[in-house]
$ cat run06.txt   # compact mmCIF, C-alpha atoms and all ligand atoms
# COMPACT_ATOMS: atom_id res chain seq x y z
CA MET A 138 -26.72 -21.26 19.89
CA THR A 139 -24.83 -21.00 16.67
CA LEU A 140 -25.49 -18.81 13.68
CA ARG A 141 -26.15 -21.82 11.49
CA LYS A 142 -28.81 -23.00 13.93
CA ILE A 143 -30.52 -19.61 14.24
CA VAL A 144 -30.87 -18.56 10.61
CA GLN A 145 -31.08 -21.22 8.00
CA PRO A 146 -31.02 -20.38 5.16
CA LEU A 147 -29.02 -17.18 5.59
CA PRO A 148 -30.87 -14.07 4.37
CA ALA A 149 -30.14 -12.37 1.05
CA ALA A 150 -28.61 -8.97 1.78
CA ARG A 151 -26.28 -6.36 0.37
CA ILE A 152 -24.01 -4.68 2.88
CA LEU A 153 -22.04 -1.47 2.37
CA GLY A 154 -18.75 -1.90 4.25
CA ILE A 155 -16.80 1.20 5.33
CA GLU A 156 -13.25 1.12 6.71
CA SER A 157 -11.11 4.03 7.95
CA SER A 158 -9.25 2.72 11.01
CA CYS A 159 -5.72 3.62 9.91
CA ASP A 160 -4.35 4.95 6.63
CA GLU A 161 -6.72 3.42 4.07
CA THR A 162 -10.12 4.93 3.26
CA ALA A 163 -12.16 2.08 1.86
CA ALA A 164 -15.68 1.05 0.92
CA SER A 165 -17.21 -2.02 -0.69
CA VAL A 166 -20.54 -3.63 -1.43
CA ILE A 167 -20.81 -7.28 -0.37
CA GLU A 168 -23.69 -9.51 -1.39
CA ASN A 169 -24.74 -12.38 0.87
CA GLY A 170 -21.59 -12.19 2.95
CA ARG A 171 -19.10 -13.33 0.32
CA SER A 172 -19.64 -11.93 -3.16
CA MET A 173 -17.73 -8.67 -3.64
CA LEU A 174 -19.68 -6.41 -6.01
CA SER A 175 -17.19 -3.57 -5.59
CA SER A 176 -14.15 -2.53 -3.58
CA VAL A 177 -12.56 0.90 -3.54
CA ILE A 178 -9.43 1.62 -1.48
CA ALA A 179 -7.82 5.06 -1.29
CA THR A 180 -4.45 4.43 0.30
CA GLN A 181 -2.45 7.15 2.06
CA ILE A 182 0.84 5.26 1.92
CA GLU A 183 2.57 7.84 -0.31
CA ILE A 184 1.54 10.64 2.11
CA HIS A 185 2.88 8.86 5.22
CA LYS A 186 6.06 7.52 3.58
CA LYS A 187 7.99 10.67 4.37
CA TYR A 188 7.23 10.25 8.09
CA GLY A 189 8.30 6.58 8.07
CA GLY A 190 4.92 5.61 9.55
CA VAL A 191 1.31 6.78 9.91
CA PHE A 192 0.92 10.41 11.08
CA PRO A 193 -2.48 10.28 12.88
CA GLU A 194 -3.68 13.88 12.30
CA VAL A 195 -2.71 13.77 8.64
CA ALA A 196 -4.52 10.42 8.32
CA SER A 197 -7.84 11.71 9.68
CA ARG A 198 -7.71 14.83 7.52
CA GLN A 199 -7.09 12.70 4.45
CA HIS A 200 -10.00 10.37 5.36
CA ILE A 201 -12.30 13.42 5.50
CA ARG A 202 -11.16 14.47 2.03
CA THR A 203 -11.81 11.11 0.40
CA ILE A 204 -14.49 9.20 2.31
CA TYR A 205 -17.61 10.32 0.43
CA ALA A 206 -15.96 9.93 -2.99
CA VAL A 207 -14.78 6.42 -2.00
CA ILE A 208 -18.29 5.39 -0.85
CA GLU A 209 -19.88 6.87 -3.97
CA GLN A 210 -17.42 5.02 -6.19
CA ALA A 211 -18.07 1.73 -4.37
CA LEU A 212 -21.82 2.11 -5.02
CA GLN A 213 -21.23 3.11 -8.64
CA GLN A 214 -18.92 0.15 -9.27
CA ALA A 215 -21.62 -2.14 -7.89
CA HIS A 216 -24.26 -0.39 -10.07
CA LEU A 217 -26.34 0.20 -6.96
CA GLY A 218 -27.77 3.09 -4.99
CA LEU A 219 -28.20 3.42 -1.24
CA SER A 220 -31.81 2.23 -1.60
CA ASP A 221 -30.41 -1.20 -2.60
CA ILE A 222 -28.33 -1.49 0.59
CA ASP A 223 -29.72 -3.52 3.52
CA ALA A 224 -27.21 -2.38 6.15
CA ILE A 225 -24.12 -0.22 6.56
CA ALA A 226 -21.24 -1.94 8.35
CA VAL A 227 -18.48 0.34 9.60
CA THR A 228 -15.25 -0.24 11.47
CA ARG A 229 -15.83 0.72 15.11
CA GLY A 230 -12.32 -0.16 16.30
CA PRO A 231 -9.56 -0.89 17.11
CA GLY A 232 -7.58 1.82 15.34
CA LEU A 233 -6.69 5.51 15.41
CA ALA A 234 -9.49 7.44 17.13
CA GLY A 235 -9.45 10.37 14.70
CA SER A 236 -9.50 8.05 11.69
CA LEU A 237 -12.25 5.80 13.05
CA VAL A 238 -14.49 8.79 13.76
CA VAL A 239 -14.46 9.84 10.10
CA GLY A 240 -15.76 6.48 8.84
CA MET A 241 -18.23 6.18 11.72
CA ASN A 242 -19.69 9.66 11.13
CA ALA A 243 -20.02 9.07 7.39
CA ALA A 244 -21.78 5.76 8.08
CA LYS A 245 -24.11 7.32 10.64
CA GLY A 246 -25.01 10.18 8.28
CA LEU A 247 -25.93 7.77 5.49
CA ALA A 248 -27.77 5.43 7.86
CA LEU A 249 -29.84 8.28 9.30
CA GLY A 250 -30.45 10.04 5.98
CA HIS A 251 -31.53 6.90 4.14
CA ASN A 252 -33.02 4.92 7.03
CA ILE A 253 -30.56 2.04 6.72
CA PRO A 254 -29.49 -0.10 9.73
CA LEU A 255 -26.00 0.59 11.12
CA ILE A 256 -23.64 -2.14 12.37
CA GLY A 257 -20.28 -1.42 14.07
CA ILE A 258 -17.59 -3.98 13.26
CA ASN A 259 -14.37 -5.00 14.95
CA HIS A 260 -11.52 -4.40 12.48
CA LEU A 261 -9.78 -7.66 13.48
CA GLU A 262 -12.98 -9.59 12.83
CA GLY A 263 -13.03 -7.89 9.44
CA HIS A 264 -9.50 -9.12 8.65
CA ILE A 265 -10.54 -12.68 9.45
CA TYR A 266 -13.67 -12.40 7.26
CA SER A 267 -11.61 -11.24 4.26
CA SER A 268 -11.06 -15.00 3.79
CA TRP A 269 -14.76 -15.46 3.01
CA VAL A 270 -14.76 -12.85 0.23
CA TYR A 271 -14.49 -13.56 -3.48
CA SER A 272 -14.91 -11.27 -6.48
CA ALA A 273 -18.47 -11.31 -7.89
CA ASP A 274 -17.15 -12.23 -11.35
CA THR A 275 -15.49 -15.42 -10.06
CA ILE A 276 -16.83 -18.30 -12.18
CA GLN A 277 -16.49 -20.93 -9.49
CA PRO A 278 -16.67 -19.38 -6.02
CA PRO A 279 -14.30 -21.04 -3.55
CA GLU A 280 -15.73 -23.07 -0.67
CA PRO A 281 -16.01 -20.97 2.51
CA PRO A 282 -13.78 -21.83 5.48
CA GLU A 283 -15.28 -24.63 7.57
CA PHE A 284 -15.74 -24.61 11.34
CA PRO A 285 -14.13 -25.32 13.70
CA LEU A 286 -11.23 -23.33 12.30
CA LEU A 287 -8.06 -21.70 13.49
CA ALA A 288 -7.52 -18.07 12.46
CA LEU A 289 -4.01 -16.65 12.43
CA LEU A 290 -4.35 -12.88 12.35
CA VAL A 291 -1.10 -11.19 11.36
CA SER A 292 -1.39 -7.46 10.80
CA GLY A 293 0.38 -4.20 11.53
CA GLY A 294 -0.90 -3.95 15.08
CA HIS A 295 -1.91 -7.51 15.97
CA THR A 296 -0.66 -11.09 15.89
CA GLU A 297 -3.00 -13.63 17.43
CA LEU A 298 -4.38 -17.12 17.11
CA ASN A 299 -8.16 -17.48 17.46
CA LEU A 300 -10.20 -20.65 17.56
CA MET A 301 -13.60 -20.23 15.88
CA GLU A 302 -16.32 -22.81 16.53
CA ASP A 303 -18.79 -20.87 14.38
CA HIS A 304 -19.37 -17.49 12.74
CA LEU A 305 -18.48 -14.52 14.96
CA ARG A 306 -17.29 -16.69 17.85
CA TYR A 307 -13.67 -16.25 18.84
CA LYS A 308 -11.57 -17.88 21.49
CA ARG A 309 -8.16 -16.26 21.64
CA LEU A 310 -5.55 -18.95 22.23
CA GLY A 311 -2.56 -16.64 22.24
CA ALA A 312 -1.13 -13.39 20.93
CA THR A 313 2.13 -11.53 20.64
CA LEU A 314 3.56 -10.35 23.93
CA ASP A 315 5.43 -7.49 22.28
CA ASP A 316 5.62 -6.47 18.60
CA ALA A 317 3.03 -7.55 16.07
CA ALA A 318 4.51 -9.39 13.09
CA GLY A 319 3.76 -6.46 10.74
CA GLU A 320 5.26 -4.03 13.24
CA ALA A 321 8.44 -6.15 13.32
CA PHE A 322 8.60 -6.05 9.50
CA ASP A 323 8.17 -2.26 9.60
CA LYS A 324 10.81 -1.74 12.32
CA VAL A 325 13.39 -4.05 10.72
CA ALA A 326 12.81 -2.33 7.36
CA ARG A 327 13.64 0.98 9.04
CA MET A 328 16.88 -0.51 10.44
CA LEU A 329 17.80 -1.60 6.92
CA ASN A 330 16.89 1.80 5.42
CA LEU A 331 14.07 0.25 3.41
CA SER A 332 10.94 2.27 2.70
CA TYR A 333 7.59 2.24 4.54
CA PRO A 334 5.58 0.04 4.72
CA GLY A 335 8.27 -2.41 5.70
CA GLY A 336 6.56 -5.70 4.80
CA PRO A 337 6.59 -5.32 1.02
CA SER A 338 10.10 -3.75 1.14
CA ILE A 339 11.53 -6.62 3.18
CA GLN A 340 9.85 -9.13 0.89
CA ALA A 341 11.35 -7.45 -2.19
CA ALA A 342 14.83 -7.22 -0.63
CA ALA A 343 14.64 -10.85 0.53
CA GLU A 344 14.14 -12.07 -3.06
CA ASP A 345 17.89 -11.66 -3.67
CA GLY A 346 18.96 -12.86 -0.23
CA ASP A 347 19.94 -16.13 1.43
CA PRO A 348 17.45 -17.01 4.21
CA THR A 349 20.12 -19.11 5.95
CA ALA A 350 22.80 -16.37 5.94
CA PHE A 351 21.96 -15.38 9.56
CA ASN A 352 20.60 -17.84 12.08
CA PHE A 353 18.22 -15.47 13.88
CA PRO A 354 16.41 -16.66 17.00
CA ARG A 355 12.99 -18.32 16.69
CA SER A 356 11.05 -17.49 19.82
CA ARG A 357 8.91 -20.59 20.44
CA MET A 358 7.16 -19.43 23.65
CA SER A 359 6.80 -23.10 24.53
CA GLY A 360 3.79 -24.15 26.56
CA THR A 361 1.73 -21.19 25.30
CA TRP A 362 0.12 -20.12 22.03
CA ASP A 363 1.75 -16.71 22.36
CA PHE A 364 4.32 -15.08 20.08
CA SER A 365 7.25 -12.73 20.60
CA PHE A 366 9.16 -10.86 17.92
CA SER A 367 11.16 -8.31 19.90
CA GLY A 368 14.13 -10.68 20.43
CA LEU A 369 14.33 -11.31 16.70
CA LYS A 370 14.11 -7.58 15.96
CA THR A 371 16.91 -6.85 18.47
CA ALA A 372 19.05 -9.62 16.96
CA VAL A 373 18.83 -7.92 13.56
CA LEU A 374 19.65 -4.56 15.14
CA ARG A 375 22.73 -6.02 16.86
CA VAL A 376 24.11 -7.32 13.55
CA VAL A 377 23.45 -3.97 11.83
CA ARG A 378 25.12 -1.97 14.67
CA LYS A 379 28.16 -4.26 14.70
CA LEU A 380 28.67 -4.01 10.94
CA GLU A 381 28.21 -0.23 11.06
CA ALA A 382 30.77 0.06 13.87
CA GLU A 383 33.21 -1.96 11.79
CA HIS A 384 32.45 0.22 8.71
CA ARG A 385 31.46 -2.87 6.79
CA PRO A 386 28.64 -2.98 4.20
CA ILE A 387 25.18 -4.06 5.42
CA PRO A 388 24.05 -7.21 3.57
CA VAL A 389 20.46 -5.97 3.29
CA ALA A 390 19.15 -8.84 1.13
CA ASN A 391 20.58 -11.56 3.40
CA LEU A 392 19.35 -9.81 6.56
CA ALA A 393 15.88 -9.32 5.08
CA ALA A 394 15.69 -12.95 3.89
CA SER A 395 16.94 -14.36 7.20
CA PHE A 396 14.57 -12.17 9.23
CA GLN A 397 11.59 -13.09 7.02
CA ALA A 398 12.45 -16.80 7.27
CA ALA A 399 12.47 -16.62 11.07
CA VAL A 400 9.05 -14.86 11.20
CA VAL A 401 7.49 -17.27 8.71
CA GLU A 402 8.84 -20.34 10.49
CA VAL A 403 7.52 -19.26 13.89
CA LEU A 404 4.08 -18.30 12.54
CA TYR A 405 3.74 -21.51 10.55
CA SER A 406 4.99 -23.97 13.16
CA LYS A 407 2.92 -22.52 15.99
CA THR A 408 -0.24 -22.34 13.89
CA MET A 409 0.13 -25.95 12.71
CA LYS A 410 0.75 -27.17 16.24
CA ALA A 411 -2.41 -25.46 17.48
CA ALA A 412 -4.41 -26.66 14.45
CA GLU A 413 -3.49 -30.25 15.23
CA GLU A 414 -4.04 -29.92 18.97
CA PHE A 415 -7.53 -28.41 18.55
CA GLY A 416 -8.45 -30.68 15.65
CA VAL A 417 -9.67 -27.89 13.36
CA LYS A 418 -11.07 -28.51 9.88
CA ASP A 419 -9.60 -25.38 8.28
CA ILE A 420 -7.01 -22.66 8.84
CA VAL A 421 -7.48 -18.98 7.99
CA VAL A 422 -4.48 -16.68 7.66
CA ALA A 423 -5.38 -12.97 7.40
CA GLY A 424 -4.13 -9.42 7.97
CA GLY A 425 -1.47 -7.39 6.14
CA VAL A 426 1.37 -9.87 6.71
CA SER A 427 -0.70 -12.59 5.00
CA ALA A 428 0.27 -10.77 1.77
CA ASN A 429 3.81 -12.05 2.32
CA ARG A 430 4.73 -14.43 -0.50
CA SER A 431 6.93 -16.67 1.61
CA LEU A 432 4.26 -16.97 4.33
CA ARG A 433 1.54 -17.75 1.76
CA GLU A 434 3.67 -20.35 -0.02
CA THR A 435 4.69 -22.01 3.23
CA PHE A 436 1.08 -22.41 4.41
CA LEU A 437 -0.36 -23.36 1.04
CA GLN A 438 2.37 -25.85 0.14
CA LYS A 439 3.14 -27.46 3.48
CA SER A 440 -0.12 -27.67 5.42
CA ASP A 441 -2.19 -30.87 5.22
CA ILE A 442 -5.15 -28.93 6.64
CA PRO A 443 -6.91 -26.68 4.07
CA VAL A 444 -5.67 -23.08 4.34
CA HIS A 445 -7.68 -19.98 3.32
CA ILE A 446 -5.73 -16.79 2.65
CA PRO A 447 -7.42 -13.66 1.20
CA SER A 448 -6.52 -12.44 -2.27
CA LEU A 449 -3.60 -9.96 -2.13
CA SER A 450 -5.77 -6.82 -2.37
CA LEU A 451 -7.82 -7.98 0.64
CA CYS A 452 -4.90 -8.73 3.00
CA THR A 453 -4.38 -5.13 4.06
CA ASP A 454 -7.25 -2.86 5.14
CA ASN A 455 -10.31 -2.79 2.87
CA GLY A 456 -14.07 -2.28 3.02
CA ALA A 457 -15.00 -5.76 1.74
CA MET A 458 -13.84 -7.47 4.92
CA ILE A 459 -16.02 -5.11 6.97
CA GLY A 460 -18.98 -5.75 4.66
CA SER A 461 -18.50 -9.51 4.97
CA ALA A 462 -18.30 -9.52 8.78
CA GLY A 463 -21.21 -7.05 8.75
CA TYR A 464 -23.36 -9.51 6.81
CA TYR A 465 -23.02 -12.24 9.44
CA HIS A 466 -23.90 -9.74 12.17
CA TYR A 467 -26.87 -8.63 10.05
CA ALA A 468 -27.98 -12.26 9.67
CA LEU A 469 -27.92 -12.61 13.45
CA GLY A 470 -30.11 -9.54 13.81
CA HIS A 471 -27.41 -7.27 15.24
CA ARG A 472 -28.19 -3.57 14.79
CA ASP A 473 -26.45 -0.62 16.43
CA PRO A 474 -27.89 2.70 17.58
CA LEU A 475 -26.97 5.92 15.79
CA ASN A 476 -25.10 7.20 18.86
CA LEU A 477 -22.55 4.36 18.55
CA ASP A 478 -19.07 5.37 19.75
CA VAL A 479 -15.76 4.33 18.18
CA LEU A 480 -13.53 2.03 20.26
CA PRO A 481 -9.82 2.73 19.54
CA THR A 482 -8.96 -0.24 21.79
CA TRP A 483 -11.26 -3.24 21.32
CA PRO A 484 -10.04 -6.82 21.74
CA LEU A 485 -11.72 -9.43 19.55
CA SER A 486 -12.38 -11.89 22.34
N1 LIG A 501 4.18 -8.55 1.65
C1 LIG A 501 4.21 -8.31 2.95
N2 LIG A 501 5.04 -9.00 3.78
C2 LIG A 501 5.05 -8.76 5.12
N3 LIG A 501 4.31 -7.83 5.72
C3 LIG A 501 3.48 -7.11 4.94
C4 LIG A 501 3.37 -7.31 3.55
N4 LIG A 501 2.46 -6.43 3.05
C5 LIG A 501 2.02 -5.71 4.11
N5 LIG A 501 2.64 -6.10 5.25
C6 LIG A 501 2.51 -5.53 6.59
O1 LIG A 501 1.16 -5.51 6.95
C7 LIG A 501 0.93 -4.41 7.85
C8 LIG A 501 -0.30 -3.67 7.41
O2 LIG A 501 -1.36 -4.56 7.55
P1 LIG A 501 -2.76 -4.10 8.06
O3 LIG A 501 -3.25 -3.06 7.13
O4 LIG A 501 -3.56 -5.29 8.24
O5 LIG A 501 -2.35 -3.48 9.45
P2 LIG A 501 -3.07 -2.36 10.28
O6 LIG A 501 -4.46 -2.21 9.79
O7 LIG A 501 -2.18 -1.18 10.29
O8 LIG A 501 -3.07 -3.00 11.73
P3 LIG A 501 -4.30 -3.73 12.46
O9 LIG A 501 -5.07 -4.42 11.42
O10 LIG A 501 -3.64 -4.63 13.42
O11 LIG A 501 -5.05 -2.63 13.11
C9 LIG A 501 2.18 -3.56 7.82
O12 LIG A 501 2.89 -3.79 9.02
C10 LIG A 501 2.93 -4.08 6.61
O13 LIG A 501 4.34 -3.95 6.72
MG MG A 502 -5.69 -3.77 9.51
$ encode --input "run06.txt" --output "structure tokens"
Amino acid sequence: MTLRKIVQPLPAARILGIESSCDETAASVIENGRSMLSSVIATQIEIHKKYGGVFPEVASRQHIRTIYAVIEQALQQAHLGLSDIDAIAVTRGPGLAGSLVVGMNAAKGLALGHNIPLIGINHLEGHIYSSWVYSADTIQPPEPPEFPLLALLVSGGHTELNLMEDHLRYKRLGATLDDAAGEAFDKVARMLNLSYPGGPSIQAAAEDGDPTAFNFPRSRMSGTWDFSFSGLKTAVLRVVRKLEAEHRPIPVANLAASFQAAVVEVLYSKTMKAAEEFGVKDIVVAGGVSANRSLRETFLQKSDIPVHIPSLSLCTDNGAMIGSAGYYHYALGHRDPLNLDVLPTWPLS
């Protein structure tokens, strides 16, 4: 049975979405699955920059400091109180255990104290649903993605292709066998002495570079829908080591542009091949790496199949995506008990 067959029309509901799986403390109110009444994101990027990556204990402590203020602000921005909220959706996993627990406990406390249903959400599902979200003040809301669709999820910890026949139904076609695309951006940025997080730094450096300067390998993983980025990462490292050994300057812009071009080409070509093979109506590209300008332009300009990519502020972690996914679970009647555990490892399908 599909969601569209079970509940038609979909119910009116406002969902409070709470996200704390990594280094962003976020909350949002989503109306009817798509309309974003508010979104508040307290990022910890500046705190973790000095470590060159996320320091888990520091992250959970920072979530504790900010979570209630973030939730309160999200309700205030939406001009609503908890009595106007139909369900609280919270990220259950995957993510850092200590960080997840903070969001989960805050959600449970509010759910218990105000007698509001609780729904645990998969963070990856949230990323995909960020493509359904639009700002409440949008004059002409965009059409939602149509099923069947192909979702390319490209984030800091995941890179996978999922076929969706309907809401909340995922068939994983393939995934990275080693580094996630975002992880590759972060690691290559470190090699080039660019700041954390690596994606935006590589993108900025690549603006002045020649994407054809280095012909880095494109791992096609033929015969599968899987990805691999470790060979590409090692190829960049080899060039950097060689130049360093020869005491020659590192052409950061050209390396960044050539690396980015290789990632974008592999992600685009594989996604399009799968989209054609499975005859999908729409393509969704989501997750932190979907903020990449070159990736966005490539998909939006080249694909003949309609492509949905979240607005820039919704590509990386946010509460709106959790609220949106939460709404479709709510519509299906999903409710979780108040003893719900976090799941630091939790595949989508
Ligand atoms: N403009 C950009 N170009 C390329 N990569 C980017 C860009 N902006 C952000 N990223 C990358 O996106 C990643 C962060 O995305 P996201 O917040 O979705 O990941 P995460 O939540 O840490 O991981 P996951 O969602 O898999 O648990 C980082 O690896 C970052 O470098
Ligand atoms: Mg994420």
$ closest_residue --input "run06.txt" --among "A:Gly189, A:Gly230, A:Val401, A:Pro388" --to "Asp323 (chain A)" --atoms "only C-alpha atoms"
A:Gly189
$ atom_distance --input "run06.txt" --atom1 "CA of Ser220 (chain A)" --atom2 "CA of Ala150 (chain A)"
12.1 Å
$ closest_atom_pairs --input "run06.txt" --of "chain A" --to "ligand LIG 501 (chain A)" --cutoff "6 Å" --atoms "all atoms listed in the file" --output "CSV"
residue,atom,partner,partner_atom,distance
A:Cys159,CA,A:LIG501,O6,6.0
A:Gly232,CA,A:LIG501,O11,5.6
A:Ser292,CA,A:LIG501,O4,4.0
A:Gly293,CA,A:LIG501,O5,3.5
A:Gly294,CA,A:LIG501,O10,3.3
A:His295,CA,A:LIG501,O10,4.2
A:Gly319,CA,A:LIG501,O12,3.3
A:Glu320,CA,A:LIG501,O12,4.8
A:Phe322,CA,A:LIG501,O13,5.5
A:Asp323,CA,A:LIG501,O13,5.1
A:Pro334,CA,A:LIG501,O13,4.6
A:Gly335,CA,A:LIG501,O13,4.3
A:Gly336,CA,A:LIG501,N3,3.2
A:Pro337,CA,A:LIG501,N1,4.1
A:Gln340,CA,A:LIG501,N2,5.6
A:Gly424,CA,A:LIG501,O4,4.2
A:Gly425,CA,A:LIG501,O2,3.2
A:Val426,CA,A:LIG501,N3,3.7
A:Ala428,CA,A:LIG501,N1,4.5
A:Asn429,CA,A:LIG501,N1,3.6
A:Thr453,CA,A:LIG501,O3,3.9
A:Asp454,CA,A:LIG501,O3,4.5
$ closest_residue --input "run06.txt" --among "A:Cys452, A:His251, A:Leu392, A:Glu183" --to "ligand MG 502 (chain A)" --atoms "all atoms listed in the file"
A:Cys452
$ atom_distance --input "run06.txt" --atom1 "CA of Asn352 (chain A)" --atom2 "CA of Glu434 (chain A)"
21.0 Å
$ residues_around --input "run06.txt" --residues "region 358-374 of chain A" --least-positions-apart "2" --cutoff "8 Å" --atoms "only C-alpha atoms" --output "PyMOL selection string"
chain A and resi 296-298+310-318+321+324-325+328+353-356+376-378+392+396+399-400+407+411
$ write_last_selection --input "run06.txt" --atoms "C-alpha atoms" --output "compact mmCIF listing (two decimals), in the frame of the given file"
# COMPACT_ATOMS: atom_id res chain seq x y z
CA THR A 296 -0.66 -11.09 15.89
CA GLU A 297 -3.00 -13.63 17.43
CA LEU A 298 -4.38 -17.12 17.11
CA LEU A 310 -5.55 -18.95 22.23
CA GLY A 311 -2.56 -16.64 22.24
CA ALA A 312 -1.13 -13.39 20.93
CA THR A 313 2.13 -11.53 20.64
CA LEU A 314 3.56 -10.35 23.93
CA ASP A 315 5.43 -7.49 22.28
CA ASP A 316 5.62 -6.47 18.60
CA ALA A 317 3.03 -7.55 16.07
CA ALA A 318 4.51 -9.39 13.09
CA ALA A 321 8.44 -6.15 13.32
CA LYS A 324 10.81 -1.74 12.32
CA VAL A 325 13.39 -4.05 10.72
CA MET A 328 16.88 -0.51 10.44
CA PHE A 353 18.22 -15.47 13.88
CA PRO A 354 16.41 -16.66 17.00
CA ARG A 355 12.99 -18.32 16.69
CA SER A 356 11.05 -17.49 19.82
CA VAL A 376 24.11 -7.32 13.55
CA VAL A 377 23.45 -3.97 11.83
CA ARG A 378 25.12 -1.97 14.67
CA LEU A 392 19.35 -9.81 6.56
CA PHE A 396 14.57 -12.17 9.23
CA ALA A 399 12.47 -16.62 11.07
CA VAL A 400 9.05 -14.86 11.20
CA LYS A 407 2.92 -22.52 15.99
CA ALA A 411 -2.41 -25.46 17.48
$ closest_residue --input "run06.txt" --among "A:Ala342, A:Val389, A:Val238, A:Ala423" --to "ligand MG 502 (chain A)" --atoms "only C-alpha atoms and all ligand atoms"
A:Ala423
$ closest_residue --input "run06.txt" --among "A:Leu147, A:Ile459, A:Ala224, A:Val444" --to "ligand MG 502 (chain A)" --atoms "only C-alpha atoms and all ligand atoms"
A:Ile459
$ axis_aligned_box --input "run06.txt" --around "region 437-448 of chain A" --padding-each-side "4 Å" --output "lines of an AutoDock Vina configuration file"
center_x = -2.3
center_y = -21.7
center_z = 2.2
size_x = 18.8
size_y = 26.4
size_z = 16.9
$ residues_near_point --input "run06.txt" --point "(-8.2, 6.5, 10.1)" --cutoff "6 Å" --atoms "all atoms listed in the file" --output "PyMOL selection string"
chain A and resi 157-160+196-197+233+236-237
$ closest_residue --input "run06.txt" --among "A:Leu480, A:Met458, A:Ala350, A:Ile152" --to "ligand MG 502 (chain A)" --atoms "all atoms listed in the file"
A:Met458
$ closest_residue --input "run06.txt" --among "A:Ser332, A:Asn391, A:Asn455, A:Ser172" --to "ligand MG 502 (chain A)" --atoms "all atoms listed in the file"
A:Asn455
$ atom_distance --input "run06.txt" --atom1 "CA of Ala248 (chain A)" --atom2 "CA of Leu219 (chain A)"
9.3 Å
$ residues_around --input "run06.txt" --residues "Ser165 (chain A)" --least-positions-apart "3" --cutoff "7 Å" --atoms "all atoms listed in the file" --output "VMD selection string"
chain A and resid 153 to 155 175 to 177 211 456 to 457 460
$ closest_atom_pairs --input "run06.txt" --of "region 171-243 of chain A" --to "region 261-274 of chain A" --cutoff "6 Å" --atoms "only C-alpha atoms" --output "JSON lines"
{"residue": "A:Arg171", "atom": "CA", "partner": "A:Val270", "partner_atom": "CA", "distance": 4.4}
{"residue": "A:Ser172", "atom": "CA", "partner": "A:Ala273", "partner_atom": "CA", "distance": 4.9}
{"residue": "A:Met173", "atom": "CA", "partner": "A:Ser272", "partner_atom": "CA", "distance": 4.8}
{"residue": "A:Leu174", "atom": "CA", "partner": "A:Ala273", "partner_atom": "CA", "distance": 5.4}
$ residues_around --input "run06.txt" --residues "region 466-468 of chain A" --least-positions-apart "3" --cutoff "8 Å" --atoms "all atoms listed in the file" --output "VMD selection string"
chain A and resid 144 147 to 148 224 256 305 462 to 463 471 to 472
$ decode --input "run06.txt" --residues "region 182-220 of chain A" --atoms "C-alpha atoms" --output "PDB file, in the first residue's frame"
ATOM      1  CA  ILE A 182      31.628  25.041  12.595  1.00  0.00           C
ATOM      2  CA  GLU A 183      33.745  27.821  14.142  1.00  0.00           C
ATOM      3  CA  ILE A 184      34.247  25.705  17.304  1.00  0.00           C
ATOM      4  CA  HIS A 185      35.379  22.582  15.402  1.00  0.00           C
ATOM      5  CA  LYS A 186      37.511  24.433  12.831  1.00  0.00           C
ATOM      6  CA  LYS A 187      40.563  24.356  15.072  1.00  0.00           C
ATOM      7  CA  TYR A 188      40.372  20.544  15.263  1.00  0.00           C
ATOM      8  CA  GLY A 189      40.020  20.200  11.467  1.00  0.00           C
ATOM      9  CA  GLY A 190      36.835  18.156  11.974  1.00  0.00           C
ATOM     10  CA  VAL A 191      34.022  17.485  14.444  1.00  0.00           C
ATOM     11  CA  PHE A 192      35.179  16.784  18.034  1.00  0.00           C
ATOM     12  CA  PRO A 193      32.340  14.549  19.350  1.00  0.00           C
ATOM     13  CA  GLU A 194      32.434  15.455  23.077  1.00  0.00           C
ATOM     14  CA  VAL A 195      32.639  19.159  22.311  1.00  0.00           C
ATOM     15  CA  ALA A 196      29.716  18.758  19.884  1.00  0.00           C
ATOM     16  CA  SER A 197      27.386  17.162  22.443  1.00  0.00           C
ATOM     17  CA  ARG A 198      28.240  19.729  25.099  1.00  0.00           C
ATOM     18  CA  GLN A 199      27.499  22.527  22.654  1.00  0.00           C
ATOM     19  CA  HIS A 200      24.157  20.922  21.681  1.00  0.00           C
ATOM     20  CA  ILE A 201      23.178  20.893  25.380  1.00  0.00           C
ATOM     21  CA  ARG A 202      23.984  24.597  25.639  1.00  0.00           C
ATOM     22  CA  THR A 203      21.888  25.645  22.664  1.00  0.00           C
ATOM     23  CA  ILE A 204      19.083  23.145  22.066  1.00  0.00           C
ATOM     24  CA  TYR A 205      16.296  24.724  24.130  1.00  0.00           C
ATOM     25  CA  ALA A 206      17.063  28.246  22.873  1.00  0.00           C
ATOM     26  CA  VAL A 207      17.046  26.942  19.276  1.00  0.00           C
ATOM     27  CA  ILE A 208      13.668  25.202  19.747  1.00  0.00           C
ATOM     28  CA  GLU A 209      12.195  28.253  21.462  1.00  0.00           C
ATOM     29  CA  GLN A 210      13.386  30.507  18.650  1.00  0.00           C
ATOM     30  CA  ALA A 211      11.927  28.174  16.010  1.00  0.00           C
ATOM     31  CA  LEU A 212       8.515  28.357  17.730  1.00  0.00           C
ATOM     32  CA  GLN A 213       8.775  32.133  18.139  1.00  0.00           C
ATOM     33  CA  GLN A 214       9.708  32.649  14.482  1.00  0.00           C
ATOM     34  CA  ALA A 215       6.659  30.605  13.507  1.00  0.00           C
ATOM     35  CA  HIS A 216       4.480  32.637  15.947  1.00  0.00           C
ATOM     36  CA  LEU A 217       3.343  29.388  17.529  1.00  0.00           C
ATOM     37  CA  GLY A 218       3.421  27.665  20.885  1.00  0.00           C
ATOM     38  CA  LEU A 219       3.814  23.969  21.647  1.00  0.00           C
ATOM     39  CA  SER A 220       0.020  23.672  21.894  1.00  0.00           C
TER      40      SER A 220
END
